[in-house]
file run-v6.pdb (PDB, C-alpha atoms, pLDDT in the B column)
ATOM      1  CA  MET A  21      89.029 102.333 106.630  1.00 47.00           C
ATOM      2  CA  LEU A  22      91.388 102.521 109.584  1.00 51.00           C
ATOM      3  CA  THR A  23      90.655  99.847 112.148  1.00 58.00           C
ATOM      4  CA  ASP A  24      91.945  98.884 115.565  1.00 72.00           C
ATOM      5  CA  LYS A  25      90.229  95.491 115.591  1.00 83.00           C
ATOM      6  CA  ILE A  26      90.809  92.770 113.020  1.00 92.00           C
ATOM      7  CA  TRP A  27      88.887  89.586 112.318  1.00 94.00           C
ATOM      8  CA  LEU A  28      90.363  86.103 111.818  1.00 94.00           C
ATOM      9  CA  HIS A  29      88.866  83.250 109.829  1.00 93.00           C
ATOM     10  CA  TYR A  30      90.025  79.759 108.858  1.00 93.00           C
ATOM     11  CA  ILE A  31      89.102  77.921 105.666  1.00 91.00           C
ATOM     12  CA  GLY A  32      90.126  74.284 105.592  1.00 86.00           C
ATOM     13  CA  SER A  33      89.164  70.742 106.442  1.00 82.00           C
ATOM     14  CA  TYR A  34      91.718  70.240 109.223  1.00 83.00           C
ATOM     15  CA  SER A  35      91.408  72.017 112.536  1.00 84.00           C
ATOM     16  CA  PHE A  36      93.230  75.258 113.169  1.00 89.00           C
ATOM     17  CA  ASP A  37      93.265  76.973 116.557  1.00 91.00           C
ATOM     18  CA  VAL A  38      92.043  80.476 115.742  1.00 91.00           C
ATOM     19  CA  ALA A  39      91.494  81.154 119.468  1.00 91.00           C
ATOM     20  CA  ASN A  40      95.185  80.479 120.142  1.00 92.00           C
ATOM     21  CA  MET A  41      96.159  82.958 117.407  1.00 93.00           C
ATOM     22  CA  ILE A  42      93.796  85.549 118.912  1.00 93.00           C
ATOM     23  CA  ASP A  43      95.504  85.042 122.286  1.00 93.00           C
ATOM     24  CA  CYS A  44      98.975  85.353 120.719  1.00 93.00           C
ATOM     25  CA  LEU A  45      97.944  88.578 118.981  1.00 94.00           C
ATOM     26  CA  ALA A  46      96.472  89.939 122.223  1.00 93.00           C
ATOM     27  CA  THR A  47      99.771  89.424 124.063  1.00 93.00           C
ATOM     28  CA  ILE A  48     101.464  91.779 121.592  1.00 93.00           C
ATOM     29  CA  GLY A  49      98.698  94.375 121.636  1.00 90.00           C
ATOM     30  CA  GLU A  50      96.658  93.457 118.555  1.00 92.00           C
ATOM     31  CA  HIS A  51      92.920  93.107 119.170  1.00 91.00           C
ATOM     32  CA  ALA A  52      91.358  90.377 117.040  1.00 92.00           C
ATOM     33  CA  VAL A  53      88.063  88.497 116.967  1.00 91.00           C
ATOM     34  CA  GLN A  54      87.024  85.292 115.286  1.00 90.00           C
ATOM     35  CA  LEU A  55      84.761  85.812 112.297  1.00 86.00           C
ATOM     36  CA  GLU A  56      81.606  83.769 112.672  1.00 76.00           C
ATOM     37  CA  CYS A  57      80.325  82.141 109.497  1.00 67.00           C
ATOM     38  CA  ASN A  58      76.963  83.949 109.684  1.00 56.00           C
ATOM     39  CA  ASN A  59      78.477  87.418 110.248  1.00 63.00           C
ATOM     40  CA  ALA A  60      78.957  89.923 107.480  1.00 64.00           C
ATOM     41  CA  VAL A  61      82.610  90.597 106.741  1.00 76.00           C
ATOM     42  CA  ASN A  62      83.556  94.192 107.508  1.00 78.00           C
ATOM     43  CA  GLY A  63      86.945  95.761 108.016  1.00 86.00           C
ATOM     44  CA  TRP A  64      90.412  94.299 107.940  1.00 93.00           C
ATOM     45  CA  GLY A  65      91.116  90.659 108.547  1.00 94.00           C
ATOM     46  CA  VAL A  66      93.263  87.583 108.279  1.00 96.00           C
ATOM     47  CA  ILE A  67      92.249  84.428 106.452  1.00 95.00           C
ATOM     48  CA  PHE A  68      94.112  81.268 107.401  1.00 95.00           C
ATOM     49  CA  PHE A  69      93.812  78.541 104.808  1.00 94.00           C
ATOM     50  CA  GLN A  70      94.891  74.988 104.221  1.00 92.00           C
ATOM     51  CA  GLU A  71      94.852  74.972 100.424  1.00 90.00           C
ATOM     52  CA  CYS A  72      94.258  77.518  97.698  1.00 92.00           C
ATOM     53  CA  ASN A  73      91.071  76.781  95.787  1.00 92.00           C
ATOM     54  CA  GLU A  74      88.195  78.657  94.176  1.00 94.00           C
ATOM     55  CA  THR A  75      86.285  78.844  97.480  1.00 93.00           C
ATOM     56  CA  LEU A  76      89.224  80.645  99.093  1.00 94.00           C
ATOM     57  CA  LEU A  77      89.698  82.986  96.130  1.00 94.00           C
ATOM     58  CA  LYS A  78      85.990  83.860  96.136  1.00 94.00           C
ATOM     59  CA  PHE A  79      86.102  84.548  99.888  1.00 93.00           C
ATOM     60  CA  VAL A  80      89.200  86.751  99.523  1.00 94.00           C
ATOM     61  CA  ARG A  81      87.461  88.734  96.753  1.00 93.00           C
ATOM     62  CA  ALA A  82      84.404  89.255  98.931  1.00 92.00           C
ATOM     63  CA  CYS A  83      86.372  90.182 102.065  1.00 92.00           C
ATOM     64  CA  SER A  84      88.688  92.601 100.299  1.00 91.00           C
ATOM     65  CA  ASN A  85      85.767  94.425  98.664  1.00 88.00           C
ATOM     66  CA  GLU A  86      87.755  94.797  95.439  1.00 78.00           C
ATOM     67  CA  GLY A  87      90.864  95.883  97.339  1.00 79.00           C
ATOM     68  CA  ARG A  88      89.157  98.504  99.508  1.00 84.00           C
ATOM     69  CA  GLU A  89      89.633  96.459 102.701  1.00 91.00           C
ATOM     70  CA  ARG A  90      92.939  95.028 103.874  1.00 93.00           C
ATOM     71  CA  VAL A  91      93.024  91.231 103.942  1.00 95.00           C
ATOM     72  CA  LEU A  92      96.043  89.159 104.847  1.00 96.00           C
ATOM     73  CA  VAL A  93      96.092  85.474 103.923  1.00 96.00           C
ATOM     74  CA  VAL A  94      98.183  82.913 105.790  1.00 95.00           C
ATOM     75  CA  ALA A  95      98.894  79.402 104.508  1.00 94.00           C
ATOM     76  CA  THR A  96      98.765  76.859 107.343  1.00 92.00           C
ATOM     77  CA  ASN A  97     100.301  74.205 105.094  1.00 86.00           C
ATOM     78  CA  PRO A  98     103.128  75.726 103.026  1.00 82.00           C
ATOM     79  CA  SER A  99     103.532  72.611 100.888  1.00 81.00           C
ATOM     80  CA  ASN A 100     100.069  73.285  99.429  1.00 74.00           C
ATOM     81  CA  LEU A 101     100.992  76.794  98.237  1.00 84.00           C
ATOM     82  CA  SER A 102     102.701  77.347  94.919  1.00 82.00           C
ATOM     83  CA  GLN A 103     104.015  80.672  93.671  1.00 76.00           C
ATOM     84  CA  GLY A 104     101.201  80.864  91.123  1.00 88.00           C
ATOM     85  CA  GLU A 105      98.635  80.434  93.867  1.00 92.00           C
ATOM     86  CA  SER A 106     100.179  83.283  95.853  1.00 92.00           C
ATOM     87  CA  TRP A 107      99.801  85.479  92.784  1.00 93.00           C
ATOM     88  CA  ASN A 108      96.149  84.395  92.388  1.00 93.00           C
ATOM     89  CA  LEU A 109      95.482  85.363  96.017  1.00 94.00           C
ATOM     90  CA  LEU A 110      97.074  88.781  95.494  1.00 92.00           C
ATOM     91  CA  CYS A 111      95.006  89.298  92.336  1.00 91.00           C
ATOM     92  CA  ALA A 112      91.867  88.318  94.280  1.00 93.00           C
ATOM     93  CA  GLY A 113      92.510  91.187  96.701  1.00 92.00           C
ATOM     94  CA  ALA A 114      94.844  89.834  99.379  1.00 94.00           C
ATOM     95  CA  GLY A 115      97.231  92.483 100.662  1.00 93.00           C
ATOM     96  CA  ASP A 116      99.914  89.888 101.312  1.00 93.00           C
ATOM     97  CA  VAL A 117     100.408  86.133 101.567  1.00 94.00           C
ATOM     98  CA  LEU A 118     102.268  84.612 104.518  1.00 94.00           C
ATOM     99  CA  ILE A 119     103.200  81.108 105.586  1.00 92.00           C
ATOM    100  CA  LEU A 120     102.431  79.978 109.137  1.00 90.00           C
ATOM    101  CA  LYS A 121     105.622  79.144 111.000  1.00 87.00           C
ATOM    102  CA  ASN A 122     104.424  78.984 114.582  1.00 90.00           C
ATOM    103  CA  TYR A 123     101.706  80.885 116.386  1.00 91.00           C
ATOM    104  CA  ASN A 124     103.900  83.409 118.222  1.00 91.00           C
ATOM    105  CA  GLU A 125     106.167  84.243 115.291  1.00 93.00           C
ATOM    106  CA  THR A 126     103.254  84.472 112.857  1.00 93.00           C
ATOM    107  CA  ALA A 127     101.263  86.628 115.300  1.00 94.00           C
ATOM    108  CA  SER A 128     104.213  89.014 115.484  1.00 94.00           C
ATOM    109  CA  VAL A 129     104.451  89.233 111.686  1.00 95.00           C
ATOM    110  CA  ILE A 130     100.674  89.812 111.432  1.00 95.00           C
ATOM    111  CA  ALA A 131     100.785  92.572 114.070  1.00 94.00           C
ATOM    112  CA  ASP A 132     103.712  94.257 112.312  1.00 95.00           C
ATOM    113  CA  LYS A 133     101.922  94.044 108.958  1.00 94.00           C
ATOM    114  CA  PHE A 134      98.775  95.669 110.357  1.00 95.00           C
ATOM    115  CA  LYS A 135     100.772  98.430 112.074  1.00 94.00           C
ATOM    116  CA  ARG A 136     102.446  99.149 108.765  1.00 94.00           C
ATOM    117  CA  TRP A 137      99.106  99.130 106.937  1.00 94.00           C
ATOM    118  CA  ARG A 138      97.610 101.501 109.514  1.00 94.00           C
ATOM    119  CA  LYS A 139     100.473 103.950 108.924  1.00 94.00           C
ATOM    120  CA  ILE A 140      99.953 103.686 105.155  1.00 94.00           C
ATOM    121  CA  GLU A 141      96.204 104.301 105.540  1.00 94.00           C
ATOM    122  CA  GLU A 142      96.880 107.255 107.837  1.00 94.00           C
ATOM    123  CA  LEU A 143      99.058 108.826 105.146  1.00 93.00           C
ATOM    124  CA  LEU A 144      96.624 107.840 102.386  1.00 93.00           C
ATOM    125  CA  ASN A 145      93.786 109.620 104.203  1.00 92.00           C
ATOM    126  CA  SER A 146      95.889 112.665 105.136  1.00 92.00           C
ATOM    127  CA  ASP A 147      95.359 116.105 103.640  1.00 91.00           C
ATOM    128  CA  LEU A 148      98.758 115.752 101.990  1.00 88.00           C
ATOM    129  CA  VAL A 149      97.389 113.021  99.721  1.00 89.00           C
ATOM    130  CA  SER A 150      93.688 113.847  99.493  1.00 86.00           C
ATOM    131  CA  GLU A 151      94.260 117.493  98.537  1.00 85.00           C
ATOM    132  CA  ASN A 152      96.858 116.727  95.859  1.00 85.00           C
ATOM    133  CA  LEU A 153      96.048 113.336  94.358  1.00 88.00           C
ATOM    134  CA  ILE A 154      92.340 112.960  93.668  1.00 86.00           C
ATOM    135  CA  GLY A 155      90.537 109.672  93.104  1.00 87.00           C
ATOM    136  CA  ARG A 156      88.936 106.840  95.072  1.00 85.00           C
ATOM    137  CA  SER A 157      88.792 103.944  92.607  1.00 88.00           C
ATOM    138  CA  PRO A 158      90.156 100.611  93.905  1.00 85.00           C
ATOM    139  CA  VAL A 159      92.983 100.666  91.354  1.00 86.00           C
ATOM    140  CA  TRP A 160      93.999 104.222  92.287  1.00 89.00           C
ATOM    141  CA  ILE A 161      93.876 103.466  96.023  1.00 90.00           C
ATOM    142  CA  ALA A 162      96.020 100.348  95.470  1.00 88.00           C
ATOM    143  CA  THR A 163      98.506 102.416  93.465  1.00 89.00           C
ATOM    144  CA  LEU A 164      98.703 105.099  96.159  1.00 92.00           C
ATOM    145  CA  ARG A 165      99.165 102.441  98.844  1.00 93.00           C
ATOM    146  CA  GLN A 166     102.111 100.993  96.909  1.00 91.00           C
ATOM    147  CA  ILE A 167     103.655 104.429  96.394  1.00 92.00           C
ATOM    148  CA  ILE A 168     103.289 105.297 100.080  1.00 93.00           C
ATOM    149  CA  GLU A 169     104.657 101.932 101.212  1.00 92.00           C
ATOM    150  CA  VAL A 170     107.755 102.189  99.036  1.00 92.00           C
ATOM    151  CA  ALA A 171     108.377 105.822  99.978  1.00 91.00           C
ATOM    152  CA  GLN A 172     107.775 105.325 103.696  1.00 91.00           C
ATOM    153  CA  PHE A 173     109.258 101.890 104.375  1.00 90.00           C
ATOM    154  CA  THR A 174     112.036 101.233 101.854  1.00 89.00           C
ATOM    155  CA  ASP A 175     115.221 102.748 100.519  1.00 88.00           C
ATOM    156  CA  SER A 176     114.248 101.806  96.974  1.00 85.00           C
ATOM    157  CA  SER A 177     114.483 104.173  94.060  1.00 86.00           C
ATOM    158  CA  ILE A 178     111.257 104.859  92.202  1.00 88.00           C
ATOM    159  CA  LEU A 179     110.959 105.448  88.470  1.00 92.00           C
ATOM    160  CA  ILE A 180     107.810 107.340  87.501  1.00 92.00           C
ATOM    161  CA  THR A 181     106.799 107.107  83.855  1.00 94.00           C
ATOM    162  CA  GLY A 182     103.733 108.209  81.945  1.00 92.00           C
ATOM    163  CA  GLU A 183     102.380 110.660  79.448  1.00 95.00           C
ATOM    164  CA  SER A 184     102.517 114.397  79.928  1.00 94.00           C
ATOM    165  CA  GLY A 185      99.815 115.670  82.277  1.00 91.00           C
ATOM    166  CA  THR A 186      99.195 112.399  84.140  1.00 88.00           C
ATOM    167  CA  GLY A 187     100.411 113.627  87.531  1.00 89.00           C
ATOM    168  CA  LYS A 188     103.981 112.321  87.675  1.00 92.00           C
ATOM    169  CA  GLU A 189     105.187 115.518  89.344  1.00 93.00           C
ATOM    170  CA  LEU A 190     102.438 115.311  91.995  1.00 92.00           C
ATOM    171  CA  VAL A 191     103.372 111.707  92.775  1.00 92.00           C
ATOM    172  CA  SER A 192     107.036 112.680  92.899  1.00 92.00           C
ATOM    173  CA  ARG A 193     106.280 115.453  95.417  1.00 91.00           C
ATOM    174  CA  LEU A 194     104.332 112.999  97.573  1.00 91.00           C
ATOM    175  CA  ILE A 195     107.232 110.540  97.554  1.00 92.00           C
ATOM    176  CA  HIS A 196     109.753 113.210  98.516  1.00 90.00           C
ATOM    177  CA  THR A 197     107.474 114.573 101.240  1.00 89.00           C
ATOM    178  CA  ILE A 198     106.950 111.233 103.012  1.00 89.00           C
ATOM    179  CA  ASP A 199     110.382 109.723 102.289  1.00 84.00           C
ATOM    180  CA  GLN A 200     112.038 108.778 105.592  1.00 72.00           C
ATOM    181  CA  ARG A 201     115.572 109.312 104.287  1.00 73.00           C
ATOM    182  CA  HIS A 202     115.542 113.112 104.721  1.00 62.00           C
TER     183      HIS A 202
END
call {"tool": "encode", "arguments": {"input": "run-v6.pdb", "output": "structure tokens"}}
result
Amino acid sequence: MLTDKIWLHYIGSYSFDVANMIDCLATIGEHAVQLECNNAVNGWGVIFFQECNETLLKFVRACSNEGRERVLVVATNPSNLSQGESWNLLCAGAGDVLILKNYNETASVIADKFKRWRKIEELLNSDLVSENLIGRSPVWIATLRQIIEVAQFTDSSILITGESGTGKELVSRLIHTIDQRH
């Protein structure tokens, strides 16, 4: 789902100024609202957290809707985040894991990330993709998002492997069509 408005939520025992982050995002053109605890989670959002625990992982799983929704997680205390915990957050459905530096710099990174994700979703939902690469499972959507991101935003080479008849040529055509290096 393409969205112009994102939600923000904080999970932790220490205070975190979500309103300040909303203001910082607004100054750079990103519309955000604070997620109230009693509201249903819909759409794309950012979860700020103090420490990675099962409560956070469960919330990320629920918010990401098995990877269908884009969720960014931001550690407010980098010393409480190990590399293994970052991986657990990604496996739970987080689209990326960031570390809070300061409000303005982090707001800029968040805005850039969501602009990039919007472009990826625009391509994912385009006729170019939907008429050539069929499927809507969470795993397939995640795979297509990765393919589009690498083809659109990097200069990386891509090696496509698989059995005969699995669609390697279709994926290759998609990559060449959206590659920015032409």
call {"tool": "atom_distance", "arguments": {"input": "run-v6.pdb", "atom1": "atom CA of A:Ala52", "atom2": "atom CA of A:Arg81"}}
result
20.7 Å
call {"tool": "closest_residue", "arguments": {"input": "run-v6.pdb", "among": "A:Ser184, A:Ser35, A:Asn100, A:Asn124", "to": "A:Ile48", "atoms": "all atoms listed in the file"}}
result
A:Asn124
call {"tool": "atom_distance", "arguments": {"input": "run-v6.pdb", "atom1": "atom CA of A:Leu110", "atom2": "atom CA of A:Asn145"}}
result
22.8 Å
call {"tool": "atom_distance", "arguments": {"input": "run-v6.pdb", "atom1": "atom CA of A:Ile119", "atom2": "atom CA of A:Asn97"}}
result
7.5 Å
call {"tool": "closest_residue", "arguments": {"input": "run-v6.pdb", "among": "A:Gly113, A:Gly185, A:Pro158, A:Gly49", "to": "A:Val93", "atoms": "only C-alpha atoms"}}
result
A:Gly113
call {"tool": "residues_around", "arguments": {"input": "run-v6.pdb", "residues": "A:Ile161", "least_positions_apart": "2", "cutoff": "12 Å", "atoms": "all atoms listed in the file", "output": "count of residues only"}}
result
26
call {"tool": "resolve_selection", "arguments": {"input": "run-v6.pdb", "expression": "the PyMOL selection byres ((chain A and resi 201) around 9)", "output": "list in words"}}
result
Gln172, Asp175, Ile198, Asp199, Gln200 and His202 of chain A
call {"tool": "write_last_selection", "arguments": {"input": "run-v6.pdb", "atoms": "C-alpha atoms", "output": "short mmCIF file (atom, residue, chain, number, x, y, z; two decimals), in the frame of the given file"}}
result
data_model
loop_
_atom_site.label_atom_id
_atom_site.label_comp_id
_atom_site.auth_asym_id
_atom_site.auth_seq_id
_atom_site.Cartn_x
_atom_site.Cartn_y
_atom_site.Cartn_z
CA GLN A 172 107.78 105.32 103.70
CA ASP A 175 115.22 102.75 100.52
CA ILE A 198 106.95 111.23 103.01
CA ASP A 199 110.38 109.72 102.29
CA GLN A 200 112.04 108.78 105.59
CA HIS A 202 115.54 113.11 104.72
#
call {"tool": "axis_aligned_box", "arguments": {"input": "run-v6.pdb", "around": "stretch 154-166 of chain A", "padding_each_side": "4 Å", "output": "AutoDock Vina command-line options"}}
result
--center_x 95.5 --center_y 106.7 --center_z 95.1 --size_x 21.3 --size_y 20.6 --size_z 15.5
call {"tool": "resolve_selection", "arguments": {"input": "run-v6.pdb", "expression": "the PyMOL selection byres ((chain A and resi 129-137) around 9)", "output": "VMD selection string"}}
result
chain A and resid 22 26 45 48 to 50 64 66 90 92 116 118 124 to 128 138 to 142 165 169 173
call {"tool": "residues_around", "arguments": {"input": "run-v6.pdb", "residues": "A:Trp27", "least_positions_apart": "3", "cutoff": "9 Å", "atoms": "only C-alpha atoms", "output": "list in words"}}
result
His51, Ala52, Val53, Gln54, Leu55, Val61, Asn62, Gly63, Trp64, Gly65, Val66 and Ile67 of chain A
call {"tool": "residues_around", "arguments": {"input": "run-v6.pdb", "residues": "A:Gln70", "least_positions_apart": "6", "cutoff": "7 Å", "atoms": "only C-alpha atoms", "output": "PyMOL selection string"}}
result
chain A and resi 31-32+95-97
call {"tool": "closest_residue", "arguments": {"input": "run-v6.pdb", "among": "A:Thr47, A:Ser176, A:Ser192, A:Ser99", "to": "A:Cys72", "atoms": "only C-alpha atoms"}}
result
A:Ser99
call {"tool": "closest_residue", "arguments": {"input": "run-v6.pdb", "among": "A:Ser146, A:Thr181, A:Asn73, A:Asn152", "to": "A:Ser102", "atoms": "all atoms listed in the file"}}
result
A:Asn73
call {"tool": "resolve_selection", "arguments": {"input": "run-v6.pdb", "expression": "the PyMOL selection byres ((chain A and resi 37) around 12)", "output": "MDAnalysis selection string"}}
result
chainID A and resid 28:32 34:36 38:44 54 68:69 96 122:123
call {"tool": "write_last_selection", "arguments": {"input": "run-v6.pdb", "atoms": "C-alpha atoms", "output": "PDB file, keeping the file's coordinate frame"}}
result
ATOM      1  CA  LEU A  28      90.363  86.103 111.818  1.00 94.00           C
ATOM      2  CA  HIS A  29      88.866  83.250 109.829  1.00 93.00           C
ATOM      3  CA  TYR A  30      90.025  79.759 108.858  1.00 93.00           C
ATOM      4  CA  ILE A  31      89.102  77.921 105.666  1.00 91.00           C
ATOM      5  CA  GLY A  32      90.126  74.284 105.592  1.00 86.00           C
ATOM      6  CA  TYR A  34      91.718  70.240 109.223  1.00 83.00           C
ATOM      7  CA  SER A  35      91.408  72.017 112.536  1.00 84.00           C
ATOM      8  CA  PHE A  36      93.230  75.258 113.169  1.00 89.00           C
ATOM      9  CA  VAL A  38      92.043  80.476 115.742  1.00 91.00           C
ATOM     10  CA  ALA A  39      91.494  81.154 119.468  1.00 91.00           C
ATOM     11  CA  ASN A  40      95.185  80.479 120.142  1.00 92.00           C
ATOM     12  CA  MET A  41      96.159  82.958 117.407  1.00 93.00           C
ATOM     13  CA  ILE A  42      93.796  85.549 118.912  1.00 93.00           C
ATOM     14  CA  ASP A  43      95.504  85.042 122.286  1.00 93.00           C
ATOM     15  CA  CYS A  44      98.975  85.353 120.719  1.00 93.00           C
ATOM     16  CA  GLN A  54      87.024  85.292 115.286  1.00 90.00           C
ATOM     17  CA  PHE A  68      94.112  81.268 107.401  1.00 95.00           C
ATOM     18  CA  PHE A  69      93.812  78.541 104.808  1.00 94.00           C
ATOM     19  CA  THR A  96      98.765  76.859 107.343  1.00 92.00           C
ATOM     20  CA  ASN A 122     104.424  78.984 114.582  1.00 90.00           C
ATOM     21  CA  TYR A 123     101.706  80.885 116.386  1.00 91.00           C
TER      22      TYR A 123
END
